[in-house]
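For reference, structure27.txt is printed below; it contains compact mmCIF, C-alpha atoms.
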# COMPACT_ATOMS: atom_id res chain seq x y z
CA MET A 1 -42.86 22.85 49.32
CA PRO A 2 -44.91 19.74 50.16
CA SER A 3 -44.84 17.16 47.38
CA SER A 4 -47.88 15.07 48.35
CA ASN A 5 -51.55 16.02 48.52
CA TRP A 6 -53.46 16.28 51.76
CA VAL A 7 -57.11 15.60 52.51
CA ALA A 8 -57.92 17.06 55.92
CA ASN A 9 -61.03 17.64 58.01
CA LEU A 10 -61.56 19.48 61.27
CA ASN A 11 -64.77 19.54 63.33
CA LEU A 12 -65.24 22.05 66.13
CA ASN A 13 -68.14 22.41 68.54
CA PHE A 14 -68.38 25.11 71.20
CA ARG A 15 -70.92 24.75 73.99
CA CYS A 16 -71.83 27.00 76.87
CA ILE A 17 -71.79 24.99 80.12
CA ASP A 18 -72.51 26.97 83.29
CA GLY A 19 -71.33 30.15 81.58
CA HIS A 20 -68.12 28.52 80.34
CA SER A 21 -67.64 28.34 76.55
CA ARG A 22 -65.99 24.96 76.04
CA LEU A 23 -64.58 23.25 72.97
CA ILE A 24 -66.30 19.84 73.06
CA ASN A 25 -64.66 16.75 71.55
CA PRO A 26 -62.94 18.31 68.51
CA SER A 27 -62.13 15.77 65.81
CA HIS A 28 -59.75 15.87 62.89
CA SER A 29 -58.21 13.85 60.11
CA GLY A 30 -55.12 14.86 58.19
CA PRO A 31 -52.96 17.89 59.00
CA LEU A 32 -55.51 20.20 60.64
CA ARG A 33 -55.27 20.83 64.36
CA VAL A 34 -56.22 23.29 67.08
CA GLN A 35 -54.41 24.39 70.19
CA ARG A 36 -56.06 24.18 73.58
CA PRO A 37 -58.43 27.20 73.95
CA PHE A 38 -57.22 30.30 75.76
CA TYR A 39 -59.41 32.42 78.04
CA PRO A 40 -57.75 35.86 78.28
CA GLU A 41 -61.19 37.49 78.70
CA GLY A 42 -62.67 35.02 81.14
CA LYS A 43 -64.33 31.65 80.72
CA SER A 44 -67.33 32.95 78.78
CA LEU A 45 -65.26 33.44 75.58
CA ALA A 46 -62.77 30.96 74.13
CA HIS A 47 -59.84 32.09 71.97
CA LEU A 48 -58.81 29.31 69.57
CA TYR A 49 -55.90 29.01 67.11
CA LEU A 50 -56.27 26.92 63.94
CA LEU A 51 -53.12 25.06 62.92
CA HIS A 52 -52.16 23.67 59.53
CA PRO A 53 -48.81 21.94 60.17
CA PRO A 54 -47.65 21.53 56.53
CA GLY A 55 -47.49 25.31 56.33
CA GLY A 56 -49.23 25.67 52.99
CA VAL A 57 -51.78 24.36 50.52
CA VAL A 58 -50.90 22.83 47.14
CA GLY A 59 -52.91 21.68 44.14
CA GLY A 60 -54.87 18.55 44.97
CA ASP A 61 -55.25 19.39 48.67
CA ARG A 62 -58.75 19.36 50.12
CA LEU A 63 -59.28 21.02 53.48
CA GLN A 64 -62.64 21.19 55.25
CA ILE A 65 -63.40 22.93 58.53
CA ASP A 66 -66.84 22.62 60.15
CA THR A 67 -67.52 24.84 63.15
CA LEU A 68 -70.63 24.88 65.35
CA VAL A 69 -71.02 27.63 67.94
CA SER A 70 -73.87 26.35 70.09
CA GLU A 71 -76.48 28.40 71.89
CA ASN A 72 -75.08 31.14 74.17
CA SER A 73 -71.45 30.12 73.57
CA GLN A 74 -68.80 32.62 72.47
CA SER A 75 -65.61 32.09 70.50
CA LEU A 76 -62.81 33.98 68.76
CA ILE A 77 -60.92 31.97 66.13
CA THR A 78 -57.71 33.03 64.42
CA THR A 79 -54.53 31.53 62.95
CA PRO A 80 -50.93 31.87 64.17
CA GLY A 81 -49.65 32.91 60.74
CA ALA A 82 -50.49 33.41 57.10
CA THR A 83 -52.05 30.67 55.00
CA LYS A 84 -50.04 30.04 51.83
CA ILE A 85 -51.50 28.61 48.63
CA TYR A 86 -48.59 27.43 46.50
CA ARG A 87 -48.23 27.16 42.74
CA SER A 88 -49.27 23.90 41.07
CA ASP A 89 -49.41 22.26 37.67
CA SER A 90 -53.04 23.37 37.16
CA LYS A 91 -54.33 21.01 39.87
CA ARG A 92 -56.84 22.79 42.09
CA ALA A 93 -56.78 23.07 45.86
CA TYR A 94 -60.11 23.20 47.70
CA ILE A 95 -60.78 24.90 51.02
CA ASP A 96 -64.29 24.68 52.51
CA GLN A 97 -65.20 26.38 55.79
CA ASN A 98 -68.72 25.90 57.15
CA ILE A 99 -69.66 27.91 60.22
CA SER A 100 -72.99 27.69 62.07
CA LEU A 101 -74.12 29.89 64.95
CA GLU A 102 -77.06 28.81 67.08
CA ASN A 103 -79.35 31.21 68.94
CA CYS A 104 -77.54 33.93 70.92
CA ALA A 105 -74.12 32.56 69.95
CA THR A 106 -71.16 34.84 69.21
CA LEU A 107 -68.23 34.24 66.86
CA GLU A 108 -65.26 36.32 65.78
CA TRP A 109 -63.64 34.64 62.75
CA LEU A 110 -60.38 36.54 62.30
CA PRO A 111 -57.75 34.52 60.39
CA GLN A 112 -54.51 36.09 59.34
CA GLU A 113 -53.87 36.73 55.65
CA THR A 114 -53.91 34.24 52.79
CA ILE A 115 -51.00 34.54 50.34
CA ILE A 116 -51.68 33.18 46.87
CA PHE A 117 -48.47 32.32 45.03
CA ASP A 118 -48.06 32.83 41.30
CA GLY A 119 -49.28 29.70 39.51
CA ALA A 120 -51.87 28.75 42.15
CA PHE A 121 -55.23 27.19 41.32
CA ALA A 122 -57.68 27.17 44.21
CA ASP A 123 -61.34 27.28 45.23
CA SER A 124 -62.13 28.70 48.67
CA THR A 125 -65.63 28.87 50.18
CA THR A 126 -66.61 30.21 53.59
CA ARG A 127 -70.27 29.81 54.51
CA ILE A 128 -71.67 31.35 57.69
CA ASN A 129 -75.11 30.30 58.93
CA LEU A 130 -76.58 32.70 61.49
CA GLY A 131 -79.04 31.81 64.23
CA GLN A 132 -81.59 34.03 65.92
CA ASP A 133 -79.92 36.86 67.86
CA SER A 134 -76.45 35.51 67.03
CA LYS A 135 -73.60 37.99 66.55
CA PHE A 136 -70.44 37.76 64.50
CA ILE A 137 -67.48 39.60 63.05
CA ALA A 138 -65.43 37.99 60.27
CA TRP A 139 -62.79 38.95 57.77
CA GLU A 140 -60.62 37.54 55.01
CA ILE A 141 -57.45 39.18 53.71
CA ILE A 142 -56.10 37.98 50.35
CA CYS A 143 -52.73 38.79 48.78
CA PHE A 144 -52.11 37.85 45.14
CA GLY A 145 -48.43 37.15 44.63
CA ARG A 146 -45.62 38.15 46.98
CA PRO A 147 -45.05 41.90 46.72
CA GLY A 148 -42.11 41.77 49.13
CA ALA A 149 -40.29 39.42 46.74
CA ASN A 150 -41.41 41.36 43.63
CA GLU A 151 -43.47 38.37 42.54
CA LEU A 152 -46.71 39.15 40.73
CA PHE A 153 -49.68 36.84 40.28
CA GLU A 154 -49.32 36.30 36.52
CA HIS A 155 -50.60 32.76 36.04
CA GLY A 156 -53.39 30.95 37.83
CA ASP A 157 -57.07 30.81 38.69
CA VAL A 158 -58.59 31.49 42.11
CA ARG A 159 -62.26 31.44 43.08
CA MET A 160 -63.31 33.00 46.39
CA ASN A 161 -66.80 32.58 47.85
CA LEU A 162 -68.10 34.20 51.04
CA GLU A 163 -71.71 33.36 51.93
CA ILE A 164 -73.80 34.55 54.86
CA TRP A 165 -77.18 32.95 55.52
CA ARG A 166 -79.84 33.51 58.14
CA SER A 167 -82.73 31.11 58.73
CA GLY A 168 -82.06 29.43 55.39
CA LEU A 169 -82.15 32.70 53.41
CA PRO A 170 -79.14 34.40 51.83
CA VAL A 171 -78.00 37.67 53.38
CA TRP A 172 -74.73 38.12 51.48
CA LEU A 173 -73.31 36.08 48.58
CA ASP A 174 -69.90 37.33 47.49
CA ARG A 175 -68.33 35.37 44.66
CA GLY A 176 -65.17 36.31 42.84
CA VAL A 177 -63.27 34.61 40.02
CA PHE A 178 -59.68 35.78 39.63
CA SER A 179 -58.18 34.24 36.53
CA THR A 180 -55.19 35.50 34.61
CA GLU A 181 -56.73 33.97 31.48
CA SER A 182 -60.05 35.82 31.69
CA LYS A 183 -61.42 36.91 28.34
CA PHE A 184 -63.11 39.89 29.99
CA GLY A 185 -59.85 41.66 30.71
CA SER A 186 -57.63 41.66 33.71
CA LYS A 187 -59.35 42.03 37.05
CA PHE A 188 -55.90 42.60 38.48
CA HIS A 189 -55.03 45.77 36.58
CA SER A 190 -58.34 47.30 35.46
CA ALA A 191 -59.78 50.24 37.38
CA TRP A 192 -63.01 48.26 37.94
CA GLY A 193 -60.95 45.43 39.45
CA LEU A 194 -57.93 45.50 41.75
CA ASN A 195 -56.39 48.46 39.91
CA SER A 196 -52.91 46.88 40.06
CA PHE A 197 -53.03 46.46 43.84
CA PRO A 198 -52.09 42.98 45.13
CA VAL A 199 -54.25 42.93 48.28
CA MET A 200 -58.00 42.76 48.65
CA ALA A 201 -59.89 42.18 51.89
CA THR A 202 -63.46 41.96 53.15
CA MET A 203 -64.79 42.40 56.66
CA VAL A 204 -68.38 41.68 57.67
CA ALA A 205 -70.24 42.08 60.97
CA ALA A 206 -73.82 41.69 62.16
CA PRO A 207 -76.16 42.83 63.50
CA CYS A 208 -75.15 46.43 62.85
CA ASN A 209 -76.94 49.67 62.11
CA GLN A 210 -76.15 53.01 60.55
CA GLN A 211 -75.49 54.56 63.93
CA MET A 212 -72.65 52.10 64.51
CA ILE A 213 -71.11 53.01 61.17
CA ASP A 214 -71.49 56.73 61.78
CA SER A 215 -69.77 56.37 65.15
CA LEU A 216 -66.60 54.87 63.66
CA SER A 217 -63.70 57.26 64.03
CA GLU A 218 -61.46 57.65 60.97
CA GLN A 219 -58.61 59.09 62.99
CA ASN A 220 -56.59 55.85 62.95
CA LEU A 221 -57.90 54.45 59.67
CA LEU A 222 -56.21 54.58 56.30
CA LYS A 223 -57.85 57.15 54.07
CA GLY A 224 -58.95 56.12 50.59
CA SER A 225 -58.17 52.41 51.00
CA TYR A 226 -61.50 51.14 52.27
CA THR A 227 -65.26 51.61 52.03
CA ILE A 228 -67.98 50.70 54.53
CA SER A 229 -71.62 50.05 53.69
CA LEU A 230 -74.70 48.52 55.30
CA VAL A 231 -76.71 45.71 53.68
CA GLU A 232 -79.80 45.30 55.86
CA ASP A 233 -78.10 44.74 59.25
CA LEU A 234 -74.80 43.52 57.77
CA LEU A 235 -71.79 45.81 57.85
CA VAL A 236 -69.51 45.26 54.85
CA CYS A 237 -66.05 46.78 54.69
CA ARG A 238 -63.94 46.47 51.53
CA TYR A 239 -60.23 47.15 51.32
CA ILE A 240 -57.91 47.30 48.31
CA GLY A 241 -54.28 48.23 48.78
CA ALA A 242 -50.59 47.55 48.66
CA CYS A 243 -49.89 45.27 51.61
CA THR A 244 -51.57 42.88 54.01
CA GLN A 245 -50.36 44.74 57.09
CA GLU A 246 -52.25 47.86 56.00
CA ALA A 247 -55.41 45.81 55.49
CA LYS A 248 -55.05 44.10 58.84
CA SER A 249 -54.35 47.37 60.65
CA CYS A 250 -57.47 48.88 59.10
CA PHE A 251 -59.65 45.91 60.07
CA VAL A 252 -58.23 45.64 63.59
CA GLU A 253 -59.05 49.30 64.16
CA ILE A 254 -62.65 48.84 62.95
CA TRP A 255 -62.96 45.64 65.00
CA SER A 256 -61.69 47.49 68.08
CA GLN A 257 -64.30 50.21 67.64
CA LEU A 258 -67.19 47.84 66.83
CA ARG A 259 -66.55 45.28 69.55
CA PRO A 260 -67.76 47.25 72.59
CA GLY A 261 -71.11 48.15 71.01
CA LEU A 262 -71.74 44.92 69.14
CA LEU A 263 -70.35 42.33 71.57
CA ASN A 264 -70.26 44.34 74.79
CA ARG A 265 -66.52 43.68 75.12
CA PRO A 266 -63.46 45.93 74.95
CA PRO A 267 -60.88 44.96 72.31
CA CYS A 268 -58.61 42.11 73.35
CA PRO A 269 -56.26 41.23 70.45
CA PRO A 270 -55.09 37.59 70.43
CA ARG A 271 -51.52 37.27 71.70
CA VAL A 272 -50.45 35.50 68.51
CA TRP A 273 -51.01 38.68 66.49
CA SER A 274 -48.04 40.24 68.28
CA THR A 275 -45.59 37.42 67.60
How does the structure come out when it is put into structure tokens?
Amino acid sequence: MPSSNWVANLNLNFRCIDGHSRLINPSHSGPLRVQRPFYPEGKSLAHLYLLHPPGGVVGGDRLQIDTLVSENSQSLITTPGATKIYRSDSKRAYIDQNISLENCATLEWLPQETIIFDGAFADSTTRINLGQDSKFIAWEIICFGRPGANELFEHGDVRMNLEIWRSGLPVWLDRGVFSTESKFGSKFHSAWGLNSFPVMATMVAAPCNQQMIDSLSEQNLLKGSYTISLVEDLLVCRYIGACTQEAKSCFVEIWSQLRPGLLNRPPCPPRVWST
């Protein structure tokens, strides 16, 4: 486990130049990096992998990622592996992700899971600012503890914020406080909370409509583990379950079905998901 604290920043800017979505002059400080973009679907859409070389986040770390998807550009961003938030001596870790889409821009924000170790204290905020006629699909998959190692999340405090804005107005503000010391009872074991499941996940996409939701086939989806609703033109899918792979499989299936209608593209899973 890393013993020192990191302050890291990463700035990304995608621009469409002659139909080619390019990553323009990315800048960073501290241990945040990106690989060179891939173009498995042609030059109009860039696949990008976010890298965090230390391999995990500890109390006292501050990570900030600012992403601008400029007009008409298209990007898919993911990570090569899980993000780990380690235990600490009550020091908080902070992760801020600010994403802006200009007019007619497209973004798929599809990181792999975040594993929160017992004893972790962390604040995580993802804010997405939508432009006119922009399109996006995003998800976050959170695992409390390490079920494979029989480790529960029994001590700690985690605050998760997901915000979606359009033209300066809020579309979706999702704020959760997950504290083992809560005086209102355990969110982790109560039926109104996680109901003793270690994994929760949220997927959002826009612009969507009821017809898109009705057209989703449940044949390859897990029954009883997820719900889908529509908030104005925002699709919201919630998952609660036993393992991150189930959550990811569910979301990948929905993404695969939504992508042709929403983004006019067949599914093209990033290669790193198969490694």
Revision key, fill the gap. Using only C-alpha atoms, the best pick from A:Val34, A:Val69, A:Ala46, A:Ile213 as closest to Phe14 (chain A) would be A:Val69
Point to revise | Best match for closeness to Thr106 (chain A) among A:Arg15, A:Lys187, A:Lys248, A:His52, counting all atoms listed in the file | key: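 Using all atoms listed in the file, the shortest distance to Thr106 (chain A) belongs to A:Arg15.
Among A:Asn161, A:Asn5, A:Gln35, A:Asn129, the residue with the shortest atom-to-atom distance to Ser88 (chain A), counting all atoms listed in the file, is A:Asn5.
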Exercise for review: In Å, rounded to a single decimal, give me how far CA of Asp18 (chain A) is from CA of Gly168 (chain A).
Suggested key: 29.6 Å
Exercise for review: Between A:Ser190, A:Thr244, A:Gln211, A:Ser256, single out the one closest to Gly148 (chain A), counting only C-alpha atoms.
Suggested key: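 Distance minimum relative to Gly148 (chain A) lands on A:Thr244.
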Exercise for review: Using only C-alpha atoms, find the one residue out of A:Gly261, A:Gly176, A:Pro31, A:Pro26 that sits nearest to Pro207 (chain A).
Suggested key: A:Gly261
